[in-house]
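Colleague: Got a structure for you, data22.csv, holding CSV, C-alpha atoms and all ligand atoms.
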```
chain,number,residue,atom,x,y,z
W,210,MET,CA,0.0,0.0,0.0
W,211,LYS,CA,0.9,3.7,-0.3
W,212,ALA,CA,2.2,5.6,2.7
W,213,VAL,CA,3.8,9.0,3.6
W,214,ARG,CA,7.0,8.0,5.5
W,215,TYR,CA,9.3,9.9,7.7
W,216,PHE,CA,12.9,8.7,7.2
W,217,GLY,CA,14.6,11.3,9.3
W,218,HIS,CA,15.4,15.0,9.6
W,219,LYS,CA,13.9,16.8,6.5
W,220,ASP,CA,13.4,13.5,4.7
W,221,VAL,CA,9.7,12.7,3.9
W,222,ARG,CA,8.9,10.4,1.0
W,223,VAL,CA,5.8,8.7,-0.5
W,224,VAL,CA,6.3,4.9,-0.9
W,225,ASN,CA,4.2,2.3,-2.6
W,226,ASP,CA,5.6,-0.9,-1.1
W,227,MET,CA,4.2,-1.1,2.5
W,228,GLU,CA,2.5,-4.3,3.5
W,229,ILE,CA,-1.1,-4.0,4.7
W,230,PRO,CA,-0.9,-5.1,8.4
W,231,LYS,CA,-3.0,-7.9,9.8
W,232,PRO,CA,-4.7,-7.2,13.2
W,233,THR,CA,-4.3,-9.7,16.0
W,234,GLY,CA,-5.5,-9.7,19.7
W,235,GLU,CA,-6.8,-6.3,20.6
W,236,GLU,CA,-5.6,-4.6,17.4
W,237,VAL,CA,-7.8,-3.0,14.8
W,238,LEU,CA,-7.1,-2.4,11.1
W,239,LEU,CA,-8.7,0.8,9.7
W,240,LYS,CA,-9.3,1.8,6.1
W,241,ILE,CA,-8.2,5.4,6.3
W,242,GLY,CA,-10.8,8.0,5.2
W,243,GLY,CA,-8.6,11.1,5.9
W,244,ALA,CA,-5.4,12.1,7.7
W,245,GLY,CA,-5.0,15.7,8.8
W,246,VAL,CA,-1.8,17.6,8.3
W,247,CYS,CA,-0.7,19.2,11.6
W,248,HIS,CA,2.0,21.8,12.1
W,249,SER,CA,3.5,19.5,14.7
W,250,ASP,CA,4.6,17.3,11.8
W,251,LEU,CA,6.7,20.2,10.6
W,252,HIS,CA,8.4,20.5,14.0
W,253,VAL,CA,9.3,16.7,13.6
W,254,ILE,CA,10.4,17.0,10.0
W,255,ASP,CA,12.2,20.3,10.1
W,256,GLU,CA,13.7,20.2,13.6
W,257,GLY,CA,14.2,16.4,13.7
W,258,THR,CA,12.6,16.1,17.1
W,259,ILE,CA,12.0,12.3,16.7
W,260,THR,CA,15.2,10.3,15.9
W,261,GLY,CA,16.3,6.7,15.3
W,262,THR,CA,13.1,5.5,13.8
W,263,VAL,CA,11.3,5.4,10.4
W,264,PHE,CA,7.5,5.6,10.5
W,265,THR,CA,4.3,6.6,8.6
W,266,LEU,CA,3.3,10.2,9.3
W,267,GLY,CA,-0.3,11.3,10.2
W,268,HIS,CA,-1.5,11.6,13.8
W,269,GLU,CA,-5.0,13.0,13.0
W,270,ASN,CA,-6.8,10.0,11.6
W,271,ALA,CA,-10.3,8.7,10.8
W,272,GLY,CA,-11.7,5.9,8.8
W,273,TRP,CA,-13.7,2.7,8.7
W,274,ILE,CA,-13.0,-0.5,10.5
W,275,GLU,CA,-11.6,-3.0,8.0
W,276,GLU,CA,-10.8,-5.9,10.3
W,277,VAL,CA,-10.5,-6.6,14.0
W,278,GLY,CA,-8.3,-8.8,16.1
W,279,SER,CA,-9.8,-11.8,17.9
W,280,ASP,CA,-10.1,-10.0,21.3
W,281,VAL,CA,-11.9,-6.9,20.0
W,282,LYS,CA,-15.6,-6.6,20.9
W,283,GLY,CA,-18.2,-4.0,20.0
W,284,TYR,CA,-16.9,-3.0,16.5
W,285,LYS,CA,-17.7,-4.4,13.1
W,286,LYS,CA,-16.4,-3.9,9.6
W,287,GLY,CA,-17.5,-0.5,8.2
W,288,ASP,CA,-18.0,1.3,11.5
W,289,ALA,CA,-16.7,5.0,11.1
W,290,VAL,CA,-14.3,5.9,13.8
W,291,LEU,CA,-11.7,8.5,14.9
W,292,VAL,CA,-8.3,7.4,16.2
W,293,TYR,CA,-7.4,9.0,19.5
W,294,GLY,CA,-3.8,10.2,19.0
W,295,PRO,CA,-1.8,10.2,22.2
W,296,TRP,CA,-1.3,6.5,23.0
W,297,GLY,CA,-0.6,5.9,26.6
W,298,CYS,CA,0.1,2.7,28.6
W,299,GLY,CA,-3.6,2.2,29.2
W,300,HIS,CA,-3.1,1.2,32.8
W,301,CYS,CA,-1.8,4.1,34.9
W,302,LYS,CA,-4.2,6.5,36.7
W,303,PRO,CA,-4.3,9.2,34.0
W,304,CYS,CA,-4.9,6.5,31.3
W,305,GLN,CA,-7.7,5.0,33.5
W,306,GLN,CA,-9.2,8.5,33.6
W,307,SER,CA,-9.0,8.6,29.8
W,308,LYS,CA,-6.2,11.2,29.9
W,309,GLU,CA,-3.7,9.3,27.9
W,310,ASN,CA,-2.2,12.6,26.9
W,311,TYR,CA,-0.7,12.7,30.4
W,312,CYS,CA,0.2,9.0,30.8
W,313,ASP,CA,2.7,8.5,33.6
W,314,HIS,CA,4.9,6.6,31.1
W,315,GLN,CA,5.0,9.2,28.3
W,316,SER,CA,8.7,9.7,28.7
W,317,GLU,CA,9.3,6.0,28.0
W,318,MET,CA,7.0,5.6,25.0
W,319,ALA,CA,6.6,6.9,21.4
W,320,PHE,CA,3.9,9.6,21.3
W,321,GLY,CA,1.5,7.5,19.2
W,322,GLY,CA,0.7,6.7,15.5
W,323,GLY,CA,2.3,9.3,13.3
W,324,LEU,CA,4.6,10.5,16.0
W,325,GLY,CA,7.2,7.7,16.3
W,326,LEU,CA,4.9,4.8,15.3
W,327,ASN,CA,3.1,4.2,12.1
W,328,GLY,CA,0.2,6.7,11.5
W,329,GLY,CA,-2.6,7.3,9.1
W,330,MET,CA,-1.1,8.9,6.0
W,331,ALA,CA,-1.6,5.6,4.3
W,332,GLU,CA,-4.3,3.4,2.8
W,333,TYR,CA,-4.6,1.4,6.0
W,334,MET,CA,-3.5,1.9,9.6
W,335,LEU,CA,-3.1,-0.6,12.5
W,336,VAL,CA,-4.4,0.7,15.8
W,337,PRO,CA,-3.0,-1.2,18.9
W,338,SER,CA,-6.3,-1.3,20.8
W,339,SER,CA,-10.0,-0.5,20.2
W,340,ARG,CA,-9.7,1.6,23.4
W,341,LEU,CA,-8.2,4.2,21.2
W,342,LEU,CA,-11.2,4.5,18.8
W,343,VAL,CA,-14.1,6.9,19.1
W,344,PRO,CA,-17.2,6.3,17.0
W,345,ILE,CA,-18.4,9.2,14.8
W,346,TYR,CA,-21.7,7.6,13.6
W,347,ASP,CA,-23.0,9.7,10.7
W,348,LEU,CA,-19.9,12.0,10.4
W,349,ASP,CA,-17.7,11.7,7.3
W,350,PRO,CA,-14.2,10.4,8.2
W,351,VAL,CA,-12.6,12.7,5.7
W,352,ILE,CA,-14.1,15.8,7.4
W,353,ALA,CA,-13.9,14.4,10.9
W,354,ALA,CA,-10.2,13.4,11.0
W,355,PRO,CA,-8.9,16.8,12.3
W,356,LEU,CA,-11.3,16.6,15.2
W,357,THR,CA,-8.7,14.3,16.8
W,358,ASP,CA,-6.2,17.1,17.3
W,359,ALA,CA,-7.1,20.4,15.6
W,360,ALA,CA,-10.4,20.4,17.6
W,361,LEU,CA,-9.5,18.2,20.6
W,362,THR,CA,-6.4,20.2,21.6
W,363,PRO,CA,-8.1,23.6,21.7
W,364,TYR,CA,-11.2,22.1,23.3
W,365,SER,CA,-9.2,20.7,26.2
W,366,ALA,CA,-7.2,24.0,26.5
W,367,ILE,CA,-10.4,26.0,26.6
W,368,LYS,CA,-12.1,23.7,29.1
W,369,ARG,CA,-9.3,24.3,31.6
W,370,SER,CA,-10.2,28.0,31.6
W,371,LEU,CA,-14.0,27.8,31.2
W,372,ASP,CA,-14.7,29.3,34.6
W,373,LYS,CA,-12.8,32.4,33.6
W,374,LEU,CA,-14.5,32.8,30.2
W,375,MET,CA,-17.6,34.8,31.4
W,376,SER,CA,-19.5,37.3,29.2
W,377,ASP,CA,-17.8,40.3,30.7
W,378,GLU,CA,-14.4,39.0,30.0
W,379,TYR,CA,-12.0,38.9,26.9
W,380,VAL,CA,-10.2,36.0,25.4
W,381,VAL,CA,-7.4,36.4,22.9
W,382,VAL,CA,-6.5,33.6,20.4
W,383,ILE,CA,-3.1,33.9,18.8
W,384,GLY,CA,-2.8,32.0,15.5
W,385,VAL,CA,-5.8,31.2,13.3
W,386,GLY,CA,-4.5,28.1,11.6
W,387,GLY,CA,-5.6,24.5,12.0
W,388,LEU,CA,-6.1,24.6,15.7
W,389,GLY,CA,-6.9,28.3,16.1
W,390,HIS,CA,-9.8,28.3,13.6
W,391,VAL,CA,-11.5,25.6,15.6
W,392,ALA,CA,-10.7,27.3,18.9
W,393,LEU,CA,-12.6,30.4,17.8
W,394,GLN,CA,-15.7,28.2,17.1
W,395,ILE,CA,-15.5,26.4,20.4
W,396,LEU,CA,-15.1,29.6,22.3
W,397,ARG,CA,-18.2,31.0,20.4
W,398,GLU,CA,-20.2,27.9,21.3
W,399,ILE,CA,-19.2,27.1,24.9
W,400,SER,CA,-18.0,30.4,26.4
W,401,GLY,CA,-19.5,33.9,26.9
W,402,ALA,CA,-16.2,35.9,26.5
W,403,THR,CA,-15.6,38.4,23.8
W,404,ILE,CA,-13.1,37.0,21.3
W,405,ILE,CA,-10.1,38.9,20.0
W,406,ALA,CA,-8.0,37.0,17.3
W,407,CYS,CA,-4.5,37.6,16.2
W,408,ASP,CA,-2.7,36.4,13.1
W,409,VAL,CA,-0.2,37.8,10.6
W,410,THR,CA,-2.2,38.0,7.3
W,411,ASP,CA,-5.4,39.9,6.3
W,412,GLU,CA,-6.8,36.6,5.0
W,413,LYS,CA,-6.5,34.8,8.3
W,414,LEU,CA,-7.9,37.8,10.2
W,415,ALA,CA,-10.9,38.0,7.8
W,416,PHE,CA,-11.4,34.2,8.3
W,417,ALA,CA,-11.3,34.8,12.1
W,418,LYS,CA,-14.2,37.3,11.9
W,419,GLU,CA,-16.3,34.7,10.1
W,420,LEU,CA,-15.7,32.2,12.9
W,421,GLY,CA,-16.7,34.4,15.8
W,422,ALA,CA,-13.9,36.9,16.6
W,423,ALA,CA,-15.4,40.3,17.5
W,424,TYR,CA,-12.0,42.0,17.0
W,425,THR,CA,-8.9,41.1,15.0
W,426,ILE,CA,-5.4,42.4,15.4
W,427,ASN,CA,-2.3,41.8,13.2
W,428,SER,CA,0.3,40.5,15.7
W,429,LYS,CA,3.1,41.7,13.4
W,430,ASP,CA,2.1,45.3,14.3
W,431,ALA,CA,4.7,46.7,16.7
W,432,ASP,CA,1.8,48.1,18.9
W,433,ALA,CA,-0.3,44.9,18.8
W,434,ALA,CA,-0.4,44.8,22.7
W,435,GLU,CA,-1.5,48.4,22.9
W,436,GLN,CA,-4.3,47.8,20.3
W,437,ILE,CA,-5.5,44.9,22.3
W,438,GLN,CA,-5.5,46.9,25.6
W,439,LYS,CA,-7.5,49.6,23.9
W,440,ILE,CA,-10.2,47.0,23.4
W,441,THR,CA,-10.1,45.3,26.8
W,442,GLY,CA,-9.4,48.5,28.9
W,443,ILE,CA,-7.7,48.2,32.2
W,444,LYS,CA,-9.0,44.7,33.0
W,445,LYS,CA,-7.0,43.1,30.1
W,446,ALA,CA,-7.6,39.6,28.7
W,447,LYS,CA,-8.7,37.0,31.3
W,448,VAL,CA,-7.5,34.2,29.0
W,449,VAL,CA,-4.9,34.2,26.2
W,450,ILE,CA,-4.4,31.0,24.2
W,451,ASP,CA,-1.3,31.0,22.1
W,452,PHE,CA,-1.3,28.6,19.1
W,453,VAL,CA,2.1,29.7,17.9
W,454,GLY,CA,4.4,29.5,20.9
W,455,ALA,CA,7.2,31.7,19.5
W,456,SER,CA,9.1,34.1,21.8
W,457,SER,CA,7.3,37.1,20.2
W,458,THR,CA,3.8,35.6,20.8
W,459,ILE,CA,4.6,34.5,24.4
W,460,GLU,CA,5.9,38.1,25.0
W,461,LEU,CA,2.6,39.5,23.5
W,462,GLY,CA,0.5,37.2,25.7
W,463,SER,CA,2.4,38.2,28.9
W,464,LYS,CA,1.6,41.9,28.1
W,465,ILE,CA,-2.1,41.5,27.5
W,466,VAL,CA,-3.1,38.8,30.1
W,467,SER,CA,-5.0,40.1,33.2
W,468,LEU,CA,-4.2,39.7,36.9
W,469,ASP,CA,-5.3,36.2,37.9
W,470,GLY,CA,-5.7,35.3,34.2
W,471,ASP,CA,-4.6,32.2,32.2
W,472,LEU,CA,-1.8,32.3,29.6
W,473,THR,CA,-2.0,29.0,27.8
W,474,ILE,CA,0.7,28.1,25.4
W,475,VAL,CA,-0.4,25.4,23.0
W,476,GLY,CA,2.0,26.2,20.1
W,477,LEU,CA,5.3,24.4,20.0
W,478,GLY,CA,7.1,27.2,18.3
W,479,GLY,CA,10.2,26.8,20.6
W,480,GLY,CA,9.7,30.3,22.1
W,481,LEU,CA,11.7,31.4,25.2
W,482,TYR,CA,10.2,33.4,28.1
W,483,GLN,CA,12.3,35.1,30.7
W,484,TYR,CA,10.3,35.2,33.9
W,485,ASN,CA,10.3,38.6,35.5
W,486,MET,CA,8.2,39.3,38.6
W,487,MET,CA,7.2,42.7,37.3
W,488,GLY,CA,6.7,41.5,33.7
W,489,LEU,CA,3.9,39.0,34.4
W,490,PRO,CA,0.7,40.2,36.3
W,491,PHE,CA,0.2,38.5,39.7
W,492,GLY,CA,-1.8,35.3,39.8
W,493,VAL,CA,-1.3,34.4,36.1
W,494,ARG,CA,-1.4,30.6,35.4
W,495,MET,CA,1.0,30.0,32.6
W,496,THR,CA,0.5,26.4,31.2
W,497,ASN,CA,1.4,24.3,28.3
W,498,PRO,CA,-1.4,21.8,27.7
W,499,TYR,CA,-0.9,18.8,25.5
W,500,TRP,CA,-3.7,17.4,23.3
W,501,GLY,CA,-6.8,16.2,25.3
W,502,SER,CA,-8.5,13.1,26.8
W,503,ARG,CA,-10.5,10.3,25.1
W,504,VAL,CA,-13.6,11.5,26.9
W,505,GLU,CA,-13.0,15.1,25.6
W,506,LEU,CA,-12.7,13.7,22.1
W,507,MET,CA,-16.2,12.2,22.5
W,508,GLU,CA,-17.5,15.6,23.5
W,509,VAL,CA,-15.8,17.2,20.5
W,510,VAL,CA,-17.6,14.6,18.3
W,511,GLY,CA,-20.8,15.8,20.0
W,512,LEU,CA,-20.1,19.4,19.1
W,513,ALA,CA,-19.4,18.4,15.4
W,514,ARG,CA,-22.5,16.2,15.2
W,515,GLN,CA,-24.6,19.2,16.5
W,516,LYS,CA,-22.9,21.3,13.8
W,517,LYS,CA,-21.6,23.7,16.4
W,518,ILE,CA,-18.1,23.4,15.0
W,519,HIS,CA,-16.9,22.6,11.5
W,520,ILE,CA,-13.4,22.0,10.2
W,521,GLU,CA,-12.5,24.1,7.1
W,522,ILE,CA,-10.6,21.5,5.1
W,523,GLU,CA,-8.5,21.5,1.9
W,524,ARG,CA,-8.4,18.1,0.3
W,525,TYR,CA,-5.2,16.5,-1.1
W,526,LYS,CA,-4.0,13.1,-2.3
W,527,LEU,CA,-1.3,11.1,-0.4
W,528,ASP,CA,1.1,11.8,-3.3
W,529,GLU,CA,0.8,15.5,-2.7
W,530,ALA,CA,2.1,15.4,1.0
W,531,PRO,CA,5.5,17.1,0.3
W,532,GLU,CA,3.8,20.0,-1.4
W,533,VAL,CA,1.2,20.3,1.3
W,534,TYR,CA,3.9,20.5,4.0
W,535,ASP,CA,5.5,23.3,1.9
W,536,LYS,CA,2.1,25.2,1.8
W,537,LEU,CA,1.7,24.7,5.6
W,538,ARG,CA,5.3,26.0,6.2
W,539,ALA,CA,4.4,29.1,4.2
W,540,GLY,CA,1.1,29.7,6.2
W,541,LYS,CA,-0.9,29.1,3.0
W,542,ILE,CA,-3.4,26.5,4.3
W,543,LYS,CA,-6.9,27.8,5.2
W,544,GLY,CA,-8.1,25.7,8.1
W,545,ARG,CA,-6.7,22.1,7.8
W,546,ALA,CA,-5.3,20.2,5.0
W,547,VAL,CA,-6.5,16.5,4.9
W,548,LEU,CA,-4.8,13.8,2.9
W,549,ILE,CA,-7.3,11.3,1.4
W,550,PRO,CA,-6.0,7.9,0.2
P,601,LIG,P1,-1.0,26.1,11.5
P,601,LIG,O1,0.3,26.2,10.7
P,601,LIG,O2,-2.2,25.5,10.8
P,601,LIG,O3,-1.4,27.5,12.1
P,601,LIG,C1,-0.5,28.4,12.7
P,601,LIG,C2,-1.1,29.8,12.5
P,601,LIG,O4,-0.4,30.8,13.2
P,601,LIG,C3,-1.1,30.3,11.0
P,601,LIG,O5,-2.4,30.8,10.7
P,601,LIG,C4,-0.1,31.4,11.0
P,601,LIG,O6,-0.3,32.4,10.1
P,601,LIG,C5,-0.2,31.9,12.4
P,601,LIG,N1,1.0,32.6,12.9
P,601,LIG,C6,2.3,32.4,12.7
P,601,LIG,N2,3.1,33.3,13.3
P,601,LIG,C7,2.3,34.1,14.0
P,601,LIG,C8,2.5,35.2,14.9
P,601,LIG,N3,3.7,35.6,15.2
P,601,LIG,N4,1.4,35.8,15.4
P,601,LIG,C9,0.1,35.3,15.1
P,601,LIG,N5,-0.1,34.3,14.3
P,601,LIG,C10,0.9,33.7,13.8
P,601,LIG,O7,-0.6,25.3,12.8
P,601,LIG,P2,-1.5,24.3,13.7
P,601,LIG,O8,-1.5,22.9,13.1
P,601,LIG,O9,-2.7,25.0,14.0
P,601,LIG,O10,-0.5,24.2,15.0
P,601,LIG,C11,-0.3,25.3,15.8
P,601,LIG,C12,0.8,25.0,16.8
P,601,LIG,O11,0.3,24.2,17.8
P,601,LIG,C13,2.0,24.3,16.2
P,601,LIG,O12,3.2,24.8,16.9
P,601,LIG,C14,1.8,22.9,16.6
P,601,LIG,O13,3.0,22.1,16.7
P,601,LIG,C15,1.1,23.1,18.0
P,601,LIG,N6,0.3,21.9,18.4
P,601,LIG,C16,0.4,21.7,19.8
P,601,LIG,C17,-0.4,20.7,20.3
P,601,LIG,C18,-0.4,20.5,21.8
P,601,LIG,O14,-1.0,19.5,22.2
P,601,LIG,N7,0.2,21.3,22.6
P,601,LIG,C19,-1.2,19.9,19.5
P,601,LIG,C20,-1.3,20.2,18.1
P,601,LIG,C21,-0.5,21.2,17.6
P,602,ZN,ZN,-1.0,17.6,15.9
P,603,ZN,ZN,-0.6,5.4,31.2
```
Using structure tokens, write down the structure from this file.
Ligand code: NAD
Ligand code: ZN
Ligand code: ZN
Modeller:
Amino acid sequence: MKAVRYFGHKDVRVVNDMEIPKPTGEEVLLKIGGAGVCHSDLHVIDEGTITGTVFTLGHENAGWIEEVGSDVKGYKKGDAVLVYGPWGCGHCKPCQQSKENYCDHQSEMAFGGGLGLNGGMAEYMLVPSSRLLVPIYDLDPVIAAPLTDAALTPYSAIKRSLDKLMSDEYVVVIGVGGLGHVALQILREISGATIIACDVTDEKLAFAKELGAAYTINSKDADAAEQIQKITGIKKAKVVIDFVGASSTIELGSKIVSLDGDLTIVGLGGGLYQYNMMGLPFGVRMTNPYWGSRVELMEVVGLARQKKIHIEIERYKLDEAPEVYDKLRAGKIKGRAVLIP
């Protein structure tokens, strides 16, 4: 079968000679409907953050059950499912709570399919356990694939701050890409706060307005922080969610977040922040959440089935993966690119 393989630092190739795996025990073989293209892949490819292993990329996957191992119960051929991405040990307390994204054994294991183990940018994908599947019922796997990360990650980040997102407060979203464009819709649907969105192009800012942002600011402007404070007034933004994570955006976040606010850094842009007692308002919780839980993924599916969120997708073939990564590097994807076998 065809697959998009990571061979090492800056080396991604489409191959045609992969064997279709055979599921045994608890394993499940999926026929892939769609695999989302996440910016985290670029951190892996361009910065070589995963070493010493060759694997199929794609950690945002959805498809139909093709075949199940002899120990799998409750699924049958043709069922449409998402693949929960962060694969934990399945036994520790966080895993038992469905929070495999915070598995006690994370430091000892590969992060999951597409992040060290074979992922879904292929015609078929082997999932190690049916525990890692979430049914999507009537949703189309092509459209639903990015729910597993582009929607789950912002959903989990927003839920951590939900008690602060009241209707008299402001929330700032930095970066309106794959994750950010869904974050705006989730905030619009489950929070009362007024949304301010930041990105670096007029197209992304116009897109943000369509998705629920009341205000948009170009974060390349030298006075972006002052422009935001003009909107929020002295209370500043109760919550800032940074989907870039560069030094400049973390700095911007620290200037606009309010006393007792949340500065949530989701982006893995490698930014540095120099803590300074006078530079960060008192009481700010600065956190770096990672992905979300299996139960939260079920809730995200609920939001999508109720049509409260939709993923704006650009469709591509597996063969086009290298060009799609170039487009993503250049900030030219609107919403999420999905590879369709
Ligand atoms: P993306 O490329 O689709 O979107 C990034 C957006 O940020 C683009 O719209 C781009 O124009 C904008 N941007 C770039 N520089 C900016 C700046 N200085 N100010 C404002 N906007 C700027 O990326 P994505 O797939 O949405 O991922 C976003 C980040 O989140 C990546 O770093 C990715 O690795 C990370 N990520 C983290 C987790 C997690 O669990 N923590 C999960 C998934 C992705
Ligand atoms: Zn991702
Ligand atoms: Zn675990």
Colleague: Report as a ChimeraX atom specification which protein, DNA and RNA residues come within 12 Å of ligand ZN 603 (chain P), using all atoms listed in the file.
Modeller: /W:295-318,320,502
Colleague: What would the file look like if the residues just selected were written as a tab-separated table (two decimals), in the coordinates of the input with C-alpha atoms?
Modeller:
```tsv
chain	number	residue	atom	x	y	z
W	295	PRO	CA	-1.80	10.20	22.20
W	296	TRP	CA	-1.30	6.50	23.00
W	297	GLY	CA	-0.60	5.90	26.60
W	298	CYS	CA	0.10	2.70	28.60
W	299	GLY	CA	-3.60	2.20	29.20
W	300	HIS	CA	-3.10	1.20	32.80
W	301	CYS	CA	-1.80	4.10	34.90
W	302	LYS	CA	-4.20	6.50	36.70
W	303	PRO	CA	-4.30	9.20	34.00
W	304	CYS	CA	-4.90	6.50	31.30
W	305	GLN	CA	-7.70	5.00	33.50
W	306	GLN	CA	-9.20	8.50	33.60
W	307	SER	CA	-9.00	8.60	29.80
W	308	LYS	CA	-6.20	11.20	29.90
W	309	GLU	CA	-3.70	9.30	27.90
W	310	ASN	CA	-2.20	12.60	26.90
W	311	TYR	CA	-0.70	12.70	30.40
W	312	CYS	CA	0.20	9.00	30.80
W	313	ASP	CA	2.70	8.50	33.60
W	314	HIS	CA	4.90	6.60	31.10
W	315	GLN	CA	5.00	9.20	28.30
W	316	SER	CA	8.70	9.70	28.70
W	317	GLU	CA	9.30	6.00	28.00
W	318	MET	CA	7.00	5.60	25.00
W	320	PHE	CA	3.90	9.60	21.30
W	502	SER	CA	-8.50	13.10	26.80
```
Colleague: Kindly compile the residues surrounding ligand LIG 601 (chain P) within 7 Å, counting all atoms listed in the file, and format them as number ranges by chain.
Modeller: W: 247-249, 252, 358-359, 362, 383-389, 407-410, 413, 428-429, 452-455, 457-458, 475-478, 497-500, 537-538, 540, 542, 544-545
Colleague: Please provide as a count of residues only all residues within 8 Å of range 522-527 of chain W, with the sequence filter that same-chain residues fewer than 6 positions apart are discarded (counting all atoms listed in the file).
Modeller: 17
Colleague: Counting only C-alpha atoms, write as number ranges by chain all protein and nucleic acid residues lying at most 9 Å from (2.5, 35.8, 26.3) in the file's frame.
Modeller: W: 449-451, 454, 456-466, 472-474, 482, 489, 495
Colleague: Around (-17.6, -4.4, 5.2) in the file's own coordinates, what residues are found within 9 Å if you use all atoms listed in the file, given back as a list in words?
Modeller: Trp273, Ile274, Glu275, Glu276, Lys285, Lys286, Gly287 and Asp288 of chain W
Colleague: Emit the selected residues as a PDB file, in the frame of the given file, including C-alpha atoms.
Modeller:
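The resulting out.pdb:
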```
ATOM      1  CA  TRP W 273     -13.700   2.700   8.700  1.00  0.00           C
ATOM      2  CA  ILE W 274     -13.000  -0.500  10.500  1.00  0.00           C
ATOM      3  CA  GLU W 275     -11.600  -3.000   8.000  1.00  0.00           C
ATOM      4  CA  GLU W 276     -10.800  -5.900  10.300  1.00  0.00           C
ATOM      5  CA  LYS W 285     -17.700  -4.400  13.100  1.00  0.00           C
ATOM      6  CA  LYS W 286     -16.400  -3.900   9.600  1.00  0.00           C
ATOM      7  CA  GLY W 287     -17.500  -0.500   8.200  1.00  0.00           C
ATOM      8  CA  ASP W 288     -18.000   1.300  11.500  1.00  0.00           C
TER       9      ASP W 288
END
```
Colleague: Quick check, in Å to one decimal: how far apart do CA of His268 in chain W and CA of Tyr333 in chain W lie?
Modeller: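 Between CA of His268 in chain W and CA of Tyr333 in chain W the gap is 13.2 Å.
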Colleague: CA of Glu419 in chain W and CA of Lys516 in chain W are how many Å apart?
Modeller: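 Calculated distance between CA of Glu419 in chain W and CA of Lys516 in chain W is 15.4 Å.
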Colleague: Can you measure CA of Leu420 in chain W to CA of Lys368 in chain W for me? One decimal in Å is fine.
Modeller: 18.6 Å
Colleague: Smallest atom-to-atom distance to ligand ZN 602 (chain P): which of W:Leu468, W:Ile254, W:Val224, W:Leu361, using only C-alpha atoms and all ligand atoms?
Modeller: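 Nearest to ligand ZN 602 (chain P): W:Leu361.
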Colleague: Extract range 430-444 of chain W from the coordinates I pasted, and write it as a CSV table (one decimal), in the first residue's frame (atoms kept: C-alpha atoms).
Modeller:
```
chain,number,residue,atom,x,y,z
W,430,ASP,CA,2.1,45.3,14.3
W,431,ALA,CA,4.7,46.7,16.7
W,432,ASP,CA,1.8,48.1,18.9
W,433,ALA,CA,-0.3,44.9,18.8
W,434,ALA,CA,-0.4,44.8,22.7
W,435,GLU,CA,-1.5,48.4,22.9
W,436,GLN,CA,-4.3,47.8,20.3
W,437,ILE,CA,-5.5,44.9,22.3
W,438,GLN,CA,-5.5,46.9,25.6
W,439,LYS,CA,-7.5,49.6,23.9
W,440,ILE,CA,-10.2,47.0,23.4
W,441,THR,CA,-10.1,45.3,26.8
W,442,GLY,CA,-9.4,48.5,28.9
W,443,ILE,CA,-7.7,48.2,32.2
W,444,LYS,CA,-9.0,44.7,33.0
```
